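Engineer: I have a structure here, written as structure tokens, and I will follow up with some questions on it.
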Amino acid sequence: DKSKVTVAFPDEGAFKRFHLMFEDKFPLVTCTKVREADERHVTVKEGEPSGRHVVIVDDLVMTGGTLKECAKVLLAHGADKISAYVTHPVFPHDSWQRFT
């Protein structure tokens, strides 16, 4: 149901690249990401995912760690469902398996 879709960006870089494609069509959520060594800390910077089917949009995913953390944060903020669209998934060393 398109009326329940919200588009989210896992970081400000993705927001800068893609927000113009979606801002007139869907509500938006922007997350921020801070890396500390091998850990990623993702928070919701702006927007409201509660009760929505949130589609995370990004251009490049390596291992998927940020994508997974973003999904966790969005669910913790009340998102009903999470999907992702990535233009260039890399997934070295079978890291795609974390999504199965």
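Going through the structure tokens in order, the chains are called A, B, and so on, while each chain numbers its residues from 1 and the ligands are numbered from 1 in the order shown.
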Within 9 Å of range 39-45 of chain A, counting only C-alpha atoms, which residues qualify if same-chain residues fewer than 4 places away don't, as a PyMOL selection string?
Structural biologist: chain A and resi 10-11+29-35+65-66+69-70+72-74+77
Engineer: I need the residues in chain A that are strand (DSSP E) according to DSSP; give them as a count of residues only.
Structural biologist: 40
Engineer: Please measure the separation of CA of Val90 in chain A and CA of Glu48 in chain A, giving the value in Å to one decimal.
Structural biologist: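 Calculated distance between CA of Val90 in chain A and CA of Glu48 in chain A is 29.2 Å.
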Engineer: Need the shell around Phe22 in chain A: protein/DNA/RNA residues with any atom at most 12 Å away, counting only C-alpha atoms. Skip same-chain ones fewer than 6 positions apart. Format as JSON, numbers by chain?
Structural biologist: {"A": [5, 6, 7, 8, 9, 14, 15, 16, 28, 29, 55, 56, 57]}
Engineer: Could you turn the residues from that selection into a file that holds N, CA and C atoms, as a PDB file, in the first residue's frame?
Structural biologist:
ATOM      1  N   VAL A   5       3.959   3.919   2.732  1.00  0.00           N
ATOM      2  CA  VAL A   5       5.394   3.840   2.470  1.00  0.00           C
ATOM      3  C   VAL A   5       6.093   5.136   2.874  1.00  0.00           C
ATOM      4  N   THR A   6       7.216   4.974   3.564  1.00  0.00           N
ATOM      5  CA  THR A   6       8.130   6.067   3.881  1.00  0.00           C
ATOM      6  C   THR A   6       9.502   5.665   3.374  1.00  0.00           C
ATOM      7  N   VAL A   7      10.223   6.604   2.797  1.00  0.00           N
ATOM      8  CA  VAL A   7      11.572   6.341   2.310  1.00  0.00           C
ATOM      9  C   VAL A   7      12.570   6.835   3.347  1.00  0.00           C
ATOM     10  N   ALA A   8      13.539   5.970   3.674  1.00  0.00           N
ATOM     11  CA  ALA A   8      14.572   6.322   4.659  1.00  0.00           C
ATOM     12  C   ALA A   8      15.949   6.259   4.025  1.00  0.00           C
ATOM     13  N   PHE A   9      16.819   7.085   4.543  1.00  0.00           N
ATOM     14  CA  PHE A   9      18.212   7.114   4.114  1.00  0.00           C
ATOM     15  C   PHE A   9      19.075   6.768   5.317  1.00  0.00           C
ATOM     16  N   ALA A  14      23.435   9.457   1.602  1.00  0.00           N
ATOM     17  CA  ALA A  14      22.346   8.892   0.808  1.00  0.00           C
ATOM     18  C   ALA A  14      21.217   9.916   0.664  1.00  0.00           C
ATOM     19  N   PHE A  15      20.946  10.661   1.742  1.00  0.00           N
ATOM     20  CA  PHE A  15      19.931  11.711   1.656  1.00  0.00           C
ATOM     21  C   PHE A  15      20.295  12.714   0.564  1.00  0.00           C
ATOM     22  N   LYS A  16      21.542  13.175   0.553  1.00  0.00           N
ATOM     23  CA  LYS A  16      21.974  14.168  -0.443  1.00  0.00           C
ATOM     24  C   LYS A  16      21.829  13.641  -1.868  1.00  0.00           C
ATOM     25  N   LEU A  28       9.789  11.250   4.307  1.00  0.00           N
ATOM     26  CA  LEU A  28      11.197  10.860   4.382  1.00  0.00           C
ATOM     27  C   LEU A  28      11.665  10.744   5.828  1.00  0.00           C
ATOM     28  N   VAL A  29      12.610   9.832   6.034  1.00  0.00           N
ATOM     29  CA  VAL A  29      13.311   9.690   7.309  1.00  0.00           C
ATOM     30  C   VAL A  29      14.794   9.721   6.985  1.00  0.00           C
ATOM     31  N   VAL A  55      11.165   1.982   3.422  1.00  0.00           N
ATOM     32  CA  VAL A  55      12.074   1.477   2.401  1.00  0.00           C
ATOM     33  C   VAL A  55      13.379   2.256   2.538  1.00  0.00           C
ATOM     34  N   ILE A  56      14.441   1.552   2.933  1.00  0.00           N
ATOM     35  CA  ILE A  56      15.760   2.173   3.060  1.00  0.00           C
ATOM     36  C   ILE A  56      16.392   2.221   1.671  1.00  0.00           C
ATOM     37  N   VAL A  57      16.856   3.401   1.270  1.00  0.00           N
ATOM     38  CA  VAL A  57      17.454   3.601  -0.052  1.00  0.00           C
ATOM     39  C   VAL A  57      18.912   4.016   0.140  1.00  0.00           C
TER      40      VAL A  57
END
Engineer: What is the CA of Ala79 in chain A-CA of Pro92 in chain A distance in Å, reported with one decimal?
Structural biologist: 28.7 Å
Engineer: Using only C-alpha atoms, which of A:Lys4, A:His19, A:Arg98, A:Lys25 sits nearest Ile82 in chain A?
Structural biologist: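 For Ile82 in chain A, the nearest of the candidates is A:Lys4.
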Engineer: Which residues in chain A does DSSP call helix (DSSP H, G or I)? List them as a VMD selection string.
Structural biologist: chain A and resid 2 to 4 12 to 22 65 to 76 92 to 99
Engineer: Of the candidates A:Lys68, A:Ala84, A:Glu23, A:Ala76, which shows the shortest atom-to-atom distance to Gln97 in chain A, using only C-alpha atoms?
Structural biologist: A:Lys68
